[in-house]
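For reference, target_18.txt is printed below; it contains compact mmCIF, C-alpha atoms.
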# COMPACT_ATOMS: atom_id res chain seq x y z
CA MET A 49 -22.02 20.86 -19.83
CA LYS A 50 -20.12 20.19 -23.04
CA LYS A 51 -16.77 18.61 -23.81
CA ASN A 52 -13.98 21.10 -24.63
CA GLU A 53 -15.99 24.00 -23.19
CA ILE A 54 -14.36 26.12 -20.45
CA TYR A 55 -16.13 26.78 -17.13
CA ARG A 56 -15.06 28.69 -14.03
CA ALA A 57 -15.15 26.60 -10.84
CA ALA A 58 -13.67 26.40 -7.33
CA VAL A 59 -12.12 23.38 -5.62
CA SER A 60 -14.53 22.04 -3.00
CA GLY A 61 -12.79 18.77 -2.06
CA PHE A 62 -10.68 15.85 -3.23
CA THR A 63 -11.35 12.29 -4.35
CA SER A 64 -9.66 9.15 -3.04
CA GLU A 65 -7.34 9.32 -6.08
CA GLY A 66 -6.24 12.86 -5.19
CA LEU A 67 -8.28 14.60 -7.89
CA GLY A 68 -9.75 17.98 -7.09
CA VAL A 69 -13.55 18.17 -7.03
CA CYS A 70 -15.03 21.24 -8.69
CA ARG A 71 -18.75 21.83 -9.28
CA VAL A 72 -20.28 23.28 -12.42
CA ASP A 73 -24.06 23.73 -12.40
CA GLY A 74 -24.29 21.17 -9.59
CA CYS A 75 -22.26 18.54 -11.47
CA ALA A 76 -18.96 17.25 -10.05
CA VAL A 77 -15.92 17.81 -12.26
CA PHE A 78 -12.77 15.87 -11.32
CA VAL A 79 -9.58 17.84 -11.97
CA PRO A 80 -5.97 16.57 -11.60
CA ASN A 81 -3.20 18.74 -10.08
CA ALA A 82 -5.69 20.75 -8.03
CA ALA A 83 -4.81 22.51 -4.76
CA PRO A 84 -7.02 23.58 -1.85
CA ASP A 85 -9.10 26.76 -2.18
CA GLU A 86 -8.16 27.41 -5.80
CA ILE A 87 -10.42 28.75 -8.54
CA TYR A 88 -9.90 27.75 -12.19
CA ASP A 89 -11.06 28.06 -15.69
CA VAL A 90 -11.54 24.33 -16.33
CA ARG A 91 -11.68 22.75 -19.78
CA ILE A 92 -13.99 19.73 -19.82
CA THR A 93 -12.27 16.63 -21.23
CA HIS A 94 -14.99 14.05 -20.64
CA VAL A 95 -18.67 14.15 -19.70
CA GLY A 96 -20.16 11.08 -18.02
CA LYS A 97 -23.62 10.24 -16.72
CA THR A 98 -22.97 11.35 -13.14
CA ALA A 99 -19.75 13.38 -13.30
CA ALA A 100 -17.27 14.99 -15.65
CA HIS A 101 -13.50 15.25 -15.94
CA GLY A 102 -11.54 18.36 -16.76
CA LYS A 103 -8.12 19.96 -16.77
CA ILE A 104 -6.88 23.29 -15.49
CA GLU A 105 -6.81 25.85 -18.28
CA THR A 106 -6.02 28.89 -16.10
CA ILE A 107 -5.53 29.31 -12.35
CA ILE A 108 -7.67 32.30 -11.38
CA GLN A 109 -7.03 32.10 -7.63
CA ARG A 110 -3.79 30.38 -6.62
CA SER A 111 -3.40 28.45 -3.36
CA PRO A 112 -0.54 29.47 -1.05
CA HIS A 113 0.09 25.73 -0.69
CA ARG A 114 0.90 25.21 -4.37
CA VAL A 115 4.62 24.54 -4.94
CA ASN A 116 6.95 23.65 -7.79
CA ARG A 117 7.25 19.89 -8.21
CA ARG A 118 10.58 18.43 -7.08
CA CYS A 119 9.94 15.29 -9.12
CA PRO A 120 10.36 15.83 -12.88
CA TYR A 121 8.13 12.81 -13.65
CA ALA A 122 5.23 13.76 -11.38
CA LYS A 123 2.92 15.09 -14.12
CA GLN A 124 3.14 11.89 -16.17
CA CYS A 125 3.95 9.08 -13.75
CA GLY A 126 0.95 7.46 -12.09
CA GLY A 127 2.68 6.86 -8.78
CA CYS A 128 2.34 10.16 -6.88
CA GLU A 129 -0.47 12.70 -6.76
CA PHE A 130 0.69 15.49 -4.43
CA TRP A 131 4.10 16.81 -5.50
CA HIS A 132 2.40 20.07 -6.55
CA VAL A 133 1.31 21.01 -2.99
CA ASP A 134 3.26 21.38 0.25
CA TYR A 135 3.13 18.60 2.81
CA GLU A 136 0.91 20.57 5.20
CA ALA A 137 -1.79 20.77 2.54
CA GLU A 138 -1.40 17.10 1.65
CA CYS A 139 -1.93 16.08 5.28
CA GLY A 140 -4.96 18.36 5.48
CA ILE A 141 -6.49 16.76 2.37
CA LYS A 142 -5.96 13.26 3.77
CA ARG A 143 -7.28 14.18 7.22
CA GLN A 144 -10.45 15.64 5.72
CA ARG A 145 -10.93 12.62 3.47
CA VAL A 146 -10.97 10.23 6.46
CA LEU A 147 -13.18 12.55 8.51
CA ASP A 148 -15.70 12.97 5.68
CA ALA A 149 -15.83 9.21 5.03
CA LEU A 150 -16.46 8.30 8.67
CA ASN A 151 -19.14 10.97 9.05
CA ARG A 152 -20.94 10.73 5.71
CA LEU A 153 -20.57 7.01 4.96
CA GLY A 154 -20.04 5.66 8.46
CA GLY A 155 -22.83 7.56 10.16
CA GLN A 156 -20.52 9.16 12.73
CA ASN A 157 -20.39 12.72 14.04
CA LEU A 158 -16.68 13.36 14.50
CA GLN A 159 -15.66 17.00 14.78
CA THR A 160 -11.91 16.54 14.43
CA LEU A 161 -9.44 13.80 13.56
CA GLU A 162 -5.73 13.54 14.33
CA LEU A 163 -3.33 12.64 11.52
CA THR A 164 0.32 11.77 12.17
CA GLY A 165 2.44 12.99 9.29
CA ALA A 166 5.65 11.35 8.12
CA PRO A 167 9.07 12.68 9.12
CA THR A 168 10.17 12.64 5.47
CA CYS A 169 8.50 12.50 2.07
CA GLU A 170 11.51 10.98 0.31
CA GLY A 171 13.23 7.61 0.20
CA TYR A 172 10.70 5.88 2.44
CA ARG A 173 9.43 3.08 0.18
CA ASN A 174 11.15 -0.24 0.84
CA LYS A 175 9.59 -1.98 -2.17
CA ALA A 176 10.01 -0.98 -5.82
CA GLN A 177 8.22 -2.64 -8.73
CA PHE A 178 9.49 -1.36 -12.08
CA PRO A 179 7.61 -2.56 -15.18
CA VAL A 180 9.83 -3.16 -18.21
CA ALA A 181 8.84 -2.39 -21.80
CA PRO A 182 10.44 -2.45 -25.27
CA ALA A 183 12.22 0.74 -26.32
CA LYS A 184 14.51 2.07 -29.06
CA ASN A 185 17.58 1.08 -27.06
CA GLY A 186 16.18 -2.38 -26.41
CA LEU A 187 14.18 -1.91 -23.24
CA GLU A 188 13.32 0.62 -20.53
CA ALA A 189 11.98 0.51 -16.98
CA GLY A 190 10.00 3.02 -14.96
CA PHE A 191 6.33 3.45 -14.11
CA PHE A 192 3.09 3.54 -16.04
CA LYS A 193 1.44 6.79 -17.01
CA LYS A 194 -1.65 7.34 -14.90
CA GLY A 195 -4.62 5.30 -16.09
CA THR A 196 -2.62 3.58 -18.85
CA HIS A 197 0.06 0.96 -19.45
CA GLU A 198 2.25 3.45 -21.30
CA LEU A 199 5.69 3.25 -19.71
CA ILE A 200 7.35 6.44 -18.44
CA PRO A 201 11.12 5.78 -18.08
CA VAL A 202 12.30 6.99 -14.65
CA ASP A 203 15.94 7.46 -13.68
CA ARG A 204 15.34 8.46 -10.04
CA CYS A 205 12.15 7.99 -8.03
CA LEU A 206 12.28 10.33 -5.03
CA ILE A 207 10.01 8.29 -2.76
CA GLN A 208 12.29 5.24 -3.06
CA PRO A 209 15.83 4.82 -1.70
CA PRO A 210 18.65 5.35 -4.22
CA CYS A 211 19.58 1.65 -4.02
CA ALA A 212 16.32 0.70 -5.78
CA ASP A 213 17.08 2.91 -8.78
CA LEU A 214 20.70 1.73 -8.81
CA ALA A 215 19.61 -1.94 -8.91
CA LYS A 216 17.20 -1.14 -11.74
CA GLN A 217 19.93 0.59 -13.76
CA VAL A 218 22.32 -2.34 -13.24
CA VAL A 219 19.70 -4.80 -14.50
CA LEU A 220 18.98 -2.60 -17.52
CA GLN A 221 22.71 -2.37 -18.29
CA TRP A 222 22.97 -6.18 -18.18
CA ALA A 223 19.82 -6.66 -20.27
CA ARG A 224 20.98 -4.24 -22.99
CA THR A 225 24.46 -5.77 -23.06
CA TYR A 226 23.13 -9.28 -23.61
CA ARG A 227 20.10 -8.27 -25.69
CA VAL A 228 17.52 -9.56 -23.26
CA SER A 229 14.06 -8.79 -24.63
CA ALA A 230 11.38 -6.88 -22.77
CA TYR A 231 7.94 -8.34 -22.30
CA ASP A 232 5.30 -6.91 -24.63
CA GLU A 233 1.83 -6.87 -23.07
CA GLU A 234 -0.03 -6.85 -26.39
CA SER A 235 1.73 -9.81 -27.98
CA GLY A 236 2.58 -11.69 -24.79
CA LYS A 237 6.13 -12.16 -26.11
CA GLY A 238 9.45 -11.03 -24.68
CA LEU A 239 11.22 -12.10 -21.50
CA LEU A 240 11.79 -9.46 -18.81
CA ARG A 241 8.53 -8.19 -17.25
CA HIS A 242 9.41 -6.44 -13.98
CA ILE A 243 12.41 -5.47 -11.88
CA PHE A 244 11.37 -5.98 -8.27
CA VAL A 245 13.56 -4.56 -5.46
CA ARG A 246 13.08 -4.87 -1.69
CA HIS A 247 15.20 -2.91 0.79
CA ALA A 248 15.37 -3.56 4.55
CA GLU A 249 15.89 -0.13 6.05
CA ALA A 250 17.13 -1.25 9.48
CA THR A 251 19.63 -3.86 8.25
CA GLY A 252 20.49 -2.39 4.85
CA GLU A 253 19.85 -5.73 3.13
CA ILE A 254 18.62 -5.71 -0.48
CA LEU A 255 16.76 -8.31 -2.53
CA VAL A 256 16.57 -8.01 -6.34
CA CYS A 257 14.01 -10.18 -8.12
CA LEU A 258 13.53 -10.32 -11.89
CA VAL A 259 10.05 -11.30 -13.05
CA VAL A 260 10.28 -13.12 -16.38
CA ASN A 261 8.01 -14.60 -19.01
CA GLY A 262 9.91 -17.88 -18.99
CA ALA A 263 11.80 -20.35 -16.83
CA LYS A 264 15.29 -18.84 -17.02
CA LEU A 265 17.43 -15.92 -18.11
CA PRO A 266 20.40 -15.84 -20.45
CA ARG A 267 23.70 -14.99 -18.75
CA GLU A 268 22.37 -15.38 -15.20
CA ALA A 269 25.89 -15.60 -13.75
CA GLU A 270 26.86 -12.29 -15.39
CA LEU A 271 23.73 -10.62 -13.96
CA VAL A 272 24.54 -11.82 -10.46
CA GLU A 273 28.18 -10.73 -10.70
CA LEU A 274 27.24 -7.25 -11.93
CA LEU A 275 24.69 -6.76 -9.15
CA ARG A 276 27.15 -7.96 -6.52
CA GLN A 277 29.79 -5.52 -7.76
CA ARG A 278 27.50 -2.49 -7.92
CA VAL A 279 24.76 -2.86 -5.27
CA GLU A 280 26.05 -2.51 -1.71
CA GLY A 281 24.01 -4.52 0.78
CA LEU A 282 22.83 -7.07 -1.79
CA LYS A 283 21.81 -10.30 -0.05
CA SER A 284 19.63 -12.06 -2.59
CA VAL A 285 19.05 -12.28 -6.36
CA ALA A 286 15.91 -14.14 -7.39
CA LEU A 287 14.03 -15.06 -10.54
CA ASN A 288 10.23 -15.20 -10.50
CA VAL A 289 8.39 -17.01 -13.29
CA ASN A 290 5.19 -15.36 -14.55
CA THR A 291 4.03 -16.61 -17.94
CA ARG A 292 0.41 -15.56 -17.49
CA ARG A 293 -1.22 -12.72 -19.37
CA GLY A 294 -2.69 -9.99 -17.18
CA ASN A 295 -1.71 -7.43 -14.55
CA ALA A 296 -0.40 -9.74 -11.80
CA ILE A 297 3.24 -8.88 -11.16
CA LEU A 298 4.56 -12.01 -9.45
CA GLY A 299 4.03 -15.61 -10.53
CA GLU A 300 3.88 -18.64 -8.24
CA GLU A 301 7.43 -19.99 -8.83
CA THR A 302 10.55 -18.28 -7.49
CA ARG A 303 14.12 -19.52 -7.91
CA ILE A 304 17.12 -18.08 -6.06
CA LEU A 305 19.98 -17.22 -8.41
CA TRP A 306 22.34 -16.16 -5.64
CA GLY A 307 22.38 -15.56 -1.90
CA ALA A 308 19.63 -16.01 0.66
CA ASP A 309 15.99 -16.74 -0.11
CA ALA A 310 14.90 -13.68 1.89
CA ILE A 311 16.18 -10.56 3.58
CA GLU A 312 15.61 -9.47 7.17
CA ASP A 313 14.38 -6.20 8.65
CA VAL A 314 13.68 -4.91 12.16
CA LEU A 315 10.24 -3.51 12.96
CA CYS A 316 9.09 -2.50 16.46
CA GLY A 317 12.17 -4.24 17.87
CA LEU A 318 11.33 -7.56 16.15
CA ARG A 319 13.17 -9.18 13.24
CA PHE A 320 11.12 -10.09 10.17
CA ARG A 321 11.94 -12.27 7.19
CA ILE A 322 10.96 -10.69 3.85
CA SER A 323 10.78 -12.88 0.74
CA PRO A 324 9.70 -11.66 -2.72
CA ARG A 325 6.04 -12.55 -2.04
CA SER A 326 5.89 -11.42 1.62
CA PHE A 327 3.52 -8.66 2.63
CA TYR A 328 5.44 -5.98 4.49
CA GLN A 329 4.50 -2.35 5.05
CA VAL A 330 6.35 -0.18 2.53
CA ASN A 331 7.13 2.60 5.01
CA ARG A 332 8.93 1.04 7.99
CA THR A 333 9.15 4.22 10.08
CA GLN A 334 5.45 5.01 9.79
CA ALA A 335 4.52 1.33 10.17
CA GLU A 336 6.03 1.47 13.66
CA VAL A 337 3.83 4.49 14.38
CA LEU A 338 0.76 2.75 12.94
CA TYR A 339 1.31 -0.47 14.86
CA GLY A 340 1.96 1.47 18.06
CA LYS A 341 -1.42 3.16 17.70
CA ALA A 342 -3.14 -0.14 16.95
CA ILE A 343 -1.61 -1.73 20.06
CA ALA A 344 -2.60 1.27 22.17
CA ALA A 345 -6.16 1.06 20.85
CA ALA A 346 -6.30 -2.66 21.72
CA GLY A 347 -5.84 -1.77 25.40
CA LEU A 348 -3.98 -4.97 26.26
CA THR A 349 -3.09 -5.88 29.85
CA GLY A 350 -1.38 -9.22 29.21
CA ALA A 351 -4.44 -11.35 29.99
CA GLU A 352 -6.21 -11.17 26.62
CA THR A 353 -6.60 -13.50 23.65
CA VAL A 354 -6.14 -11.49 20.45
CA LEU A 355 -7.19 -12.57 16.97
CA ASP A 356 -5.39 -10.88 14.08
CA LEU A 357 -7.18 -11.39 10.76
CA TYR A 358 -5.30 -10.65 7.52
CA CYS A 359 -2.05 -11.06 9.45
CA GLY A 360 0.36 -11.23 6.48
CA THR A 361 3.80 -12.28 7.70
CA GLY A 362 2.74 -11.76 11.30
CA THR A 363 4.04 -8.25 11.91
CA ILE A 364 1.05 -6.95 13.89
CA THR A 365 0.35 -10.37 15.45
CA LEU A 366 3.82 -10.64 16.96
CA CYS A 367 3.74 -7.05 18.18
CA LEU A 368 0.38 -7.80 19.85
CA ALA A 369 1.66 -11.06 21.34
CA ARG A 370 4.17 -9.20 23.47
CA HIS A 371 1.26 -7.48 25.25
CA ALA A 372 -1.32 -10.32 25.33
CA LYS A 373 -1.80 -13.77 26.82
CA GLN A 374 -1.98 -15.27 23.31
CA ALA A 375 -2.26 -14.01 19.74
CA ILE A 376 -3.71 -15.89 16.78
CA GLY A 377 -2.84 -14.80 13.24
CA VAL A 378 -4.84 -15.74 10.15
CA GLU A 379 -3.89 -15.16 6.49
CA VAL A 380 -5.05 -16.65 3.19
CA VAL A 381 -1.55 -16.71 1.59
CA ASP A 382 0.23 -19.89 2.64
CA ALA A 383 3.74 -18.49 2.00
CA ALA A 384 2.98 -15.55 4.29
CA ILE A 385 1.88 -17.91 7.08
CA GLU A 386 5.12 -19.88 6.74
CA ASP A 387 7.03 -16.61 7.02
CA ALA A 388 4.93 -15.66 10.07
CA LYS A 389 5.77 -18.94 11.83
CA ARG A 390 9.47 -18.46 11.10
CA ASN A 391 9.26 -14.86 12.31
CA ALA A 392 7.71 -16.02 15.60
CA ALA A 393 10.50 -18.58 16.09
CA ARG A 394 13.18 -16.07 15.08
CA ASN A 395 11.96 -13.67 17.78
CA GLY A 396 11.40 -16.33 20.45
CA ILE A 397 7.68 -15.59 20.70
CA GLU A 398 5.84 -18.68 21.92
CA ASN A 399 2.37 -17.28 22.63
CA ALA A 400 1.49 -16.70 18.96
CA ARG A 401 0.07 -19.22 16.53
CA PHE A 402 -0.79 -18.93 12.86
CA PHE A 403 -2.93 -20.78 10.37
CA CYS A 404 -3.79 -20.36 6.72
CA ALA A 405 -7.44 -19.70 5.87
CA ASP A 406 -9.78 -17.14 4.41
CA ALA A 407 -10.53 -14.54 7.08
CA GLY A 408 -14.25 -15.28 7.07
CA GLN A 409 -13.77 -19.05 7.27
CA ALA A 410 -11.15 -18.72 9.99
CA ALA A 411 -13.30 -16.44 12.09
CA GLN A 412 -16.20 -18.87 11.75
CA LYS A 413 -13.94 -21.87 12.58
CA LEU A 414 -12.70 -20.24 15.77
CA CYS A 415 -16.25 -19.28 16.64
CA ASP A 416 -17.36 -22.90 16.18
CA GLU A 417 -14.46 -24.04 18.40
CA GLY A 418 -15.69 -21.76 21.14
CA VAL A 419 -12.69 -19.44 20.94
CA ARG A 420 -13.82 -16.02 22.09
CA PRO A 421 -11.09 -13.44 21.58
CA ASP A 422 -11.11 -10.42 23.83
CA VAL A 423 -9.79 -8.28 20.97
CA ILE A 424 -9.96 -8.74 17.20
CA VAL A 425 -7.57 -6.80 14.99
CA VAL A 426 -8.30 -6.54 11.27
CA ASP A 427 -6.10 -5.05 8.55
CA PRO A 428 -7.96 -6.04 5.38
CA PRO A 429 -7.17 -5.26 1.73
CA ARG A 430 -8.71 -2.23 0.08
CA LYS A 431 -12.11 -3.92 -0.41
CA GLY A 432 -12.59 -4.10 3.36
CA LEU A 433 -14.35 -6.81 5.36
CA SER A 434 -16.65 -9.37 3.78
CA ALA A 435 -20.13 -9.99 5.16
CA ASP A 436 -19.09 -13.31 6.73
CA VAL A 437 -16.23 -11.66 8.62
CA ILE A 438 -18.59 -8.99 9.97
CA GLY A 439 -21.01 -11.76 10.96
CA ALA A 440 -18.31 -13.86 12.66
CA ILE A 441 -17.06 -10.83 14.62
CA GLY A 442 -20.61 -10.28 15.79
CA GLU A 443 -20.88 -13.94 16.89
CA MET A 444 -17.54 -13.98 18.74
CA ALA A 445 -18.43 -10.65 20.35
CA PRO A 446 -14.96 -9.44 21.37
CA ASP A 447 -14.85 -6.51 23.74
CA ARG A 448 -12.89 -4.45 21.21
CA VAL A 449 -12.28 -4.44 17.47
CA VAL A 450 -9.23 -2.57 16.20
CA TYR A 451 -9.59 -1.84 12.49
CA VAL A 452 -6.52 -0.79 10.50
CA SER A 453 -7.56 0.43 7.05
CA CYS A 454 -5.94 1.64 3.85
CA ASP A 455 -9.27 2.82 2.36
CA PRO A 456 -11.46 5.32 4.27
CA ALA A 457 -14.56 4.52 2.19
CA THR A 458 -14.65 0.78 2.89
CA LEU A 459 -13.60 1.46 6.50
CA ALA A 460 -16.58 3.79 6.93
CA ARG A 461 -18.92 1.21 5.41
CA ASP A 462 -17.65 -1.46 7.80
CA VAL A 463 -17.83 0.88 10.80
CA SER A 464 -21.50 1.38 10.01
CA LEU A 465 -22.04 -2.40 9.77
CA LEU A 466 -20.19 -3.06 13.02
CA CYS A 467 -22.32 -0.44 14.73
CA LYS A 468 -25.38 -2.47 13.67
CA ASN A 469 -23.72 -5.55 15.22
CA GLY A 470 -23.41 -4.10 18.70
CA TYR A 471 -20.35 -1.82 18.50
CA ARG A 472 -19.69 1.88 18.65
CA LEU A 473 -16.76 3.92 17.38
CA THR A 474 -14.73 5.20 20.35
CA HIS A 475 -11.50 6.33 18.69
CA ALA A 476 -10.19 7.15 15.22
CA GLU A 477 -6.95 8.60 13.90
CA ALA A 478 -4.97 8.56 10.66
CA VAL A 479 -1.32 7.91 9.85
CA ASP A 480 0.29 9.06 6.61
CA MET A 481 2.18 6.02 5.35
CA PHE A 482 2.46 7.24 1.76
CA PRO A 483 3.69 10.85 1.49
CA ARG A 484 3.16 12.41 -1.96
CA CYS A 485 0.65 9.62 -2.79
CA ALA A 486 -3.12 9.72 -2.31
CA HIS A 487 -3.39 6.73 0.06
CA VAL A 488 -3.81 7.13 3.82
CA GLU A 489 -3.99 4.63 6.71
CA THR A 490 -6.51 4.85 9.54
CA VAL A 491 -6.82 3.13 12.92
CA VAL A 492 -10.23 2.98 14.60
CA LEU A 493 -11.38 1.35 17.82
CA MET A 494 -14.83 -0.22 17.99
CA THR A 495 -16.07 -1.03 21.51
CA ARG A 496 -18.85 -3.52 22.25
CA THR A 497 -21.97 -1.85 23.62
CA GLU A 498 -24.01 -4.90 24.60

If you convert what's in this file into structure tokens, what do you get?
Amino acid sequence: MKKNEIYRAAVSGFTSEGLGVCRVDGCAVFVPNAAPDEIYDVRITHVGKTAAHGKIETIIQRSPHRVNRRCPYAKQCGGCEFWHVDYEAECGIKRQRVLDALNRLGGQNLQTLELTGAPTCEGYRNKAQFPVAPAKNGLEAGFFKKGTHELIPVDRCLIQPPCADLAKQVVLQWARTYRVSAYDEESGKGLLRHIFVRHAEATGEILVCLVVNGAKLPREAELVELLRQRVEGLKSVALNVNTRRGNAILGEETRILWGADAIEDVLCGLRFRISPRSFYQVNRTQAEVLYGKAIAAAGLTGAETVLDLYCGTGTITLCLARHAKQAIGVEVVDAAIEDAKRNAARNGIENARFFCADAGQAAQKLCDEGVRPDVIVVDPPRKGLSADVIGAIGEMAPDRVVYVSCDPATLARDVSLLCKNGYRLTHAEAVDMFPRCAHVETVVLMTRTE
């Protein structure tokens, strides 16, 4: 296979990033903007040791699921992967991805898998993070081109509510008026790095946070006044200081310029405090579906002790507490634990407790204390469970482990490891939390066999 040569190939599957997988002479070729069951003439753009990358030169056989993109930025912006196919096909791709991972990597033999699709593909994201970059008119905000840090200016992002784009435009208007500089990644100079917007769907409250390469902004009062005039539902304006080089969006220090230090949303009938650094599921409607399935999988009767590792601000923990004797939440981010404690008090839940620790250390600490949870719930980051967490789960030997995952590959790996520690997979299903994007959430139930 040679670069720039054209080969005919059919789509045989999709990667975790939403790229189509074609095969040429037994070699995998990853192709963007692919659709199920299509055949292409593919031009090879890169040849690696184990795989190649290509682009569609000509569609020979067109999928009935291919559609015109509603988003004008979809081809360039790195945020969404599936605007070029209908939602039925997108759900099918995600369902198959989870099924293949559990069977091939997890050692299972599942024949089918249920996926709950979202009621809408638009306006569902309650968190927007717009990078800012220098431009001819002073500065621009939008999203990075896929695989790069080249900014694509975006006026309207369809998967976010209109208030997020409005807040971004108001900040840009203020910044251009007062000649506020944009942060330049190469030089490390410039002030405004990101425009960060959080929207509470149930209450309508909005938080706008500016991430800056410095301790303050010029004309802060004018910024606040403009946002208050233009953004309905605004409850908080914050400034986050991040003077470090690198890809981290938020720094450690946050100062409130106006209003409350957090906004409040309602999830599963409970009220949750959301600060700039809080973890909170970006799709509230589907989060309620996901948590409902996790609670159902836990099989609680009201007599159980439940341990929730990676608890964030306590959303799953507090939902579990309403159905259990007691719930214990563990999270490594101290600010999240403080939010979780306040959320428990705000909702009058007294049978939940939280402490800050690494998940592996916390599991081992509870094990050493003789705490044996009946159910352990885990919702880890994309990298999945560490070896010490797997080991501690095996030592505590809960009757059930409910695993909520955002990455089918690491989920499948951990399912295999849990099976070696005395568990078997008894239920699995997926929930689409991120329509038009490649990510998918999965809930599995592992039941102790010994």

Write out as a count of residues only each polymer residue whose atoms come within 9 Å of Ala122 (chain A), counting all atoms listed in the file; drop sequence neighbours fewer than 6 positions from it.
5

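From CA of Cys169 (chain A) back to CA of Ala335 (chain A), the distance works out to 14.4 Å.
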
Just want the 12 Å neighbourhood of Asp427 (chain A), counted on only C-alpha atoms, with same-chain residues fewer than 4 positions away dropped. Output as a VMD selection string.
chain A and resid 327 329 338 to 339 342 355 to 360 362 to 365 377 to 379 407 431 to 433 449 to 455 458 to 459 489 to 492

Same residues, C-alpha atoms, output as a PDB file, in the coordinates of the input:
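The resulting file, selection-v9.pdb, is shown below:
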ATOM      1  CA  PHE A 327       3.520  -8.660   2.630  1.00  0.00           C
ATOM      2  CA  GLN A 329       4.500  -2.350   5.050  1.00  0.00           C
ATOM      3  CA  LEU A 338       0.760   2.750  12.940  1.00  0.00           C
ATOM      4  CA  TYR A 339       1.310  -0.470  14.860  1.00  0.00           C
ATOM      5  CA  ALA A 342      -3.140  -0.140  16.950  1.00  0.00           C
ATOM      6  CA  LEU A 355      -7.190 -12.570  16.970  1.00  0.00           C
ATOM      7  CA  ASP A 356      -5.390 -10.880  14.080  1.00  0.00           C
ATOM      8  CA  LEU A 357      -7.180 -11.390  10.760  1.00  0.00           C
ATOM      9  CA  TYR A 358      -5.300 -10.650   7.520  1.00  0.00           C
ATOM     10  CA  CYS A 359      -2.050 -11.060   9.450  1.00  0.00           C
ATOM     11  CA  GLY A 360       0.360 -11.230   6.480  1.00  0.00           C
ATOM     12  CA  GLY A 362       2.740 -11.760  11.300  1.00  0.00           C
ATOM     13  CA  THR A 363       4.040  -8.250  11.910  1.00  0.00           C
ATOM     14  CA  ILE A 364       1.050  -6.950  13.890  1.00  0.00           C
ATOM     15  CA  THR A 365       0.350 -10.370  15.450  1.00  0.00           C
ATOM     16  CA  GLY A 377      -2.840 -14.800  13.240  1.00  0.00           C
ATOM     17  CA  VAL A 378      -4.840 -15.740  10.150  1.00  0.00           C
ATOM     18  CA  GLU A 379      -3.890 -15.160   6.490  1.00  0.00           C
ATOM     19  CA  ALA A 407     -10.530 -14.540   7.080  1.00  0.00           C
ATOM     20  CA  LYS A 431     -12.110  -3.920  -0.410  1.00  0.00           C
ATOM     21  CA  GLY A 432     -12.590  -4.100   3.360  1.00  0.00           C
ATOM     22  CA  LEU A 433     -14.350  -6.810   5.360  1.00  0.00           C
ATOM     23  CA  VAL A 449     -12.280  -4.440  17.470  1.00  0.00           C
ATOM     24  CA  VAL A 450      -9.230  -2.570  16.200  1.00  0.00           C
ATOM     25  CA  TYR A 451      -9.590  -1.840  12.490  1.00  0.00           C
ATOM     26  CA  VAL A 452      -6.520  -0.790  10.500  1.00  0.00           C
ATOM     27  CA  SER A 453      -7.560   0.430   7.050  1.00  0.00           C
ATOM     28  CA  CYS A 454      -5.940   1.640   3.850  1.00  0.00           C
ATOM     29  CA  ASP A 455      -9.270   2.820   2.360  1.00  0.00           C
ATOM     30  CA  THR A 458     -14.650   0.780   2.890  1.00  0.00           C
ATOM     31  CA  LEU A 459     -13.600   1.460   6.500  1.00  0.00           C
ATOM     32  CA  GLU A 489      -3.990   4.630   6.710  1.00  0.00           C
ATOM     33  CA  THR A 490      -6.510   4.850   9.540  1.00  0.00           C
ATOM     34  CA  VAL A 491      -6.820   3.130  12.920  1.00  0.00           C
ATOM     35  CA  VAL A 492     -10.230   2.980  14.600  1.00  0.00           C
TER      36      VAL A 492
END

Residue contacts of Thr349 (chain A) (10 Å, all atoms listed in the file) excluding same-chain residues fewer than 5 positions away, as a compact mmCIF listing (two decimals) with C-alpha atoms, in the coordinates of the input:
# COMPACT_ATOMS: atom_id res chain seq x y z
CA HIS A 371 1.26 -7.48 25.25
CA ALA A 372 -1.32 -10.32 25.33
CA LYS A 373 -1.80 -13.77 26.82

CA of Ala250 (chain A) to CA of Val337 (chain A), straight-line distance in Å:
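Taking CA of Val337 (chain A) as the start and CA of Ala250 (chain A) as the end point, the length is 15.3 Å.
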
Applying 7 Å and only C-alpha atoms, which residues near region 462-474 of chain A remain after dropping the ones on its own chain fewer than 4 positions away? List them as a PyMOL selection string.
chain A and resi 154-155+433+438+442+458+493-498

Which of these residues is nearest to Ala308 (chain A), using only C-alpha atoms: A:Glu253, A:Asp480, A:Glu336, A:Asp387?
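Counting only C-alpha atoms, the residue closest to Ala308 (chain A) is A:Glu253.
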
Keeping N, CA and C atoms (and nothing else), can you write region 127-131 of chain A of this structure as an mmCIF file, in the first residue's frame?
data_model
loop_
_atom_site.group_PDB
_atom_site.id
_atom_site.type_symbol
_atom_site.label_atom_id
_atom_site.label_comp_id
_atom_site.auth_asym_id
_atom_site.auth_seq_id
_atom_site.Cartn_x
_atom_site.Cartn_y
_atom_site.Cartn_z
ATOM 1 N N GLY A 127 -15.502 18.335 17.255
ATOM 2 C CA GLY A 127 -16.436 17.968 18.312
ATOM 3 C C GLY A 127 -17.367 16.821 17.990
ATOM 4 N N CYS A 128 -17.905 16.759 16.780
ATOM 5 C CA CYS A 128 -18.912 15.762 16.416
ATOM 6 C C CYS A 128 -18.419 14.911 15.249
ATOM 7 N N GLU A 129 -18.823 13.648 15.257
ATOM 8 C CA GLU A 129 -18.379 12.723 14.209
ATOM 9 C C GLU A 129 -19.492 12.202 13.316
ATOM 10 N N PHE A 130 -20.782 12.375 13.713
ATOM 11 C CA PHE A 130 -21.839 11.636 13.018
ATOM 12 C C PHE A 130 -22.946 12.492 12.412
ATOM 13 N N TRP A 131 -22.665 13.747 12.077
ATOM 14 C CA TRP A 131 -23.698 14.557 11.430
ATOM 15 C C TRP A 131 -24.001 14.076 10.008
#
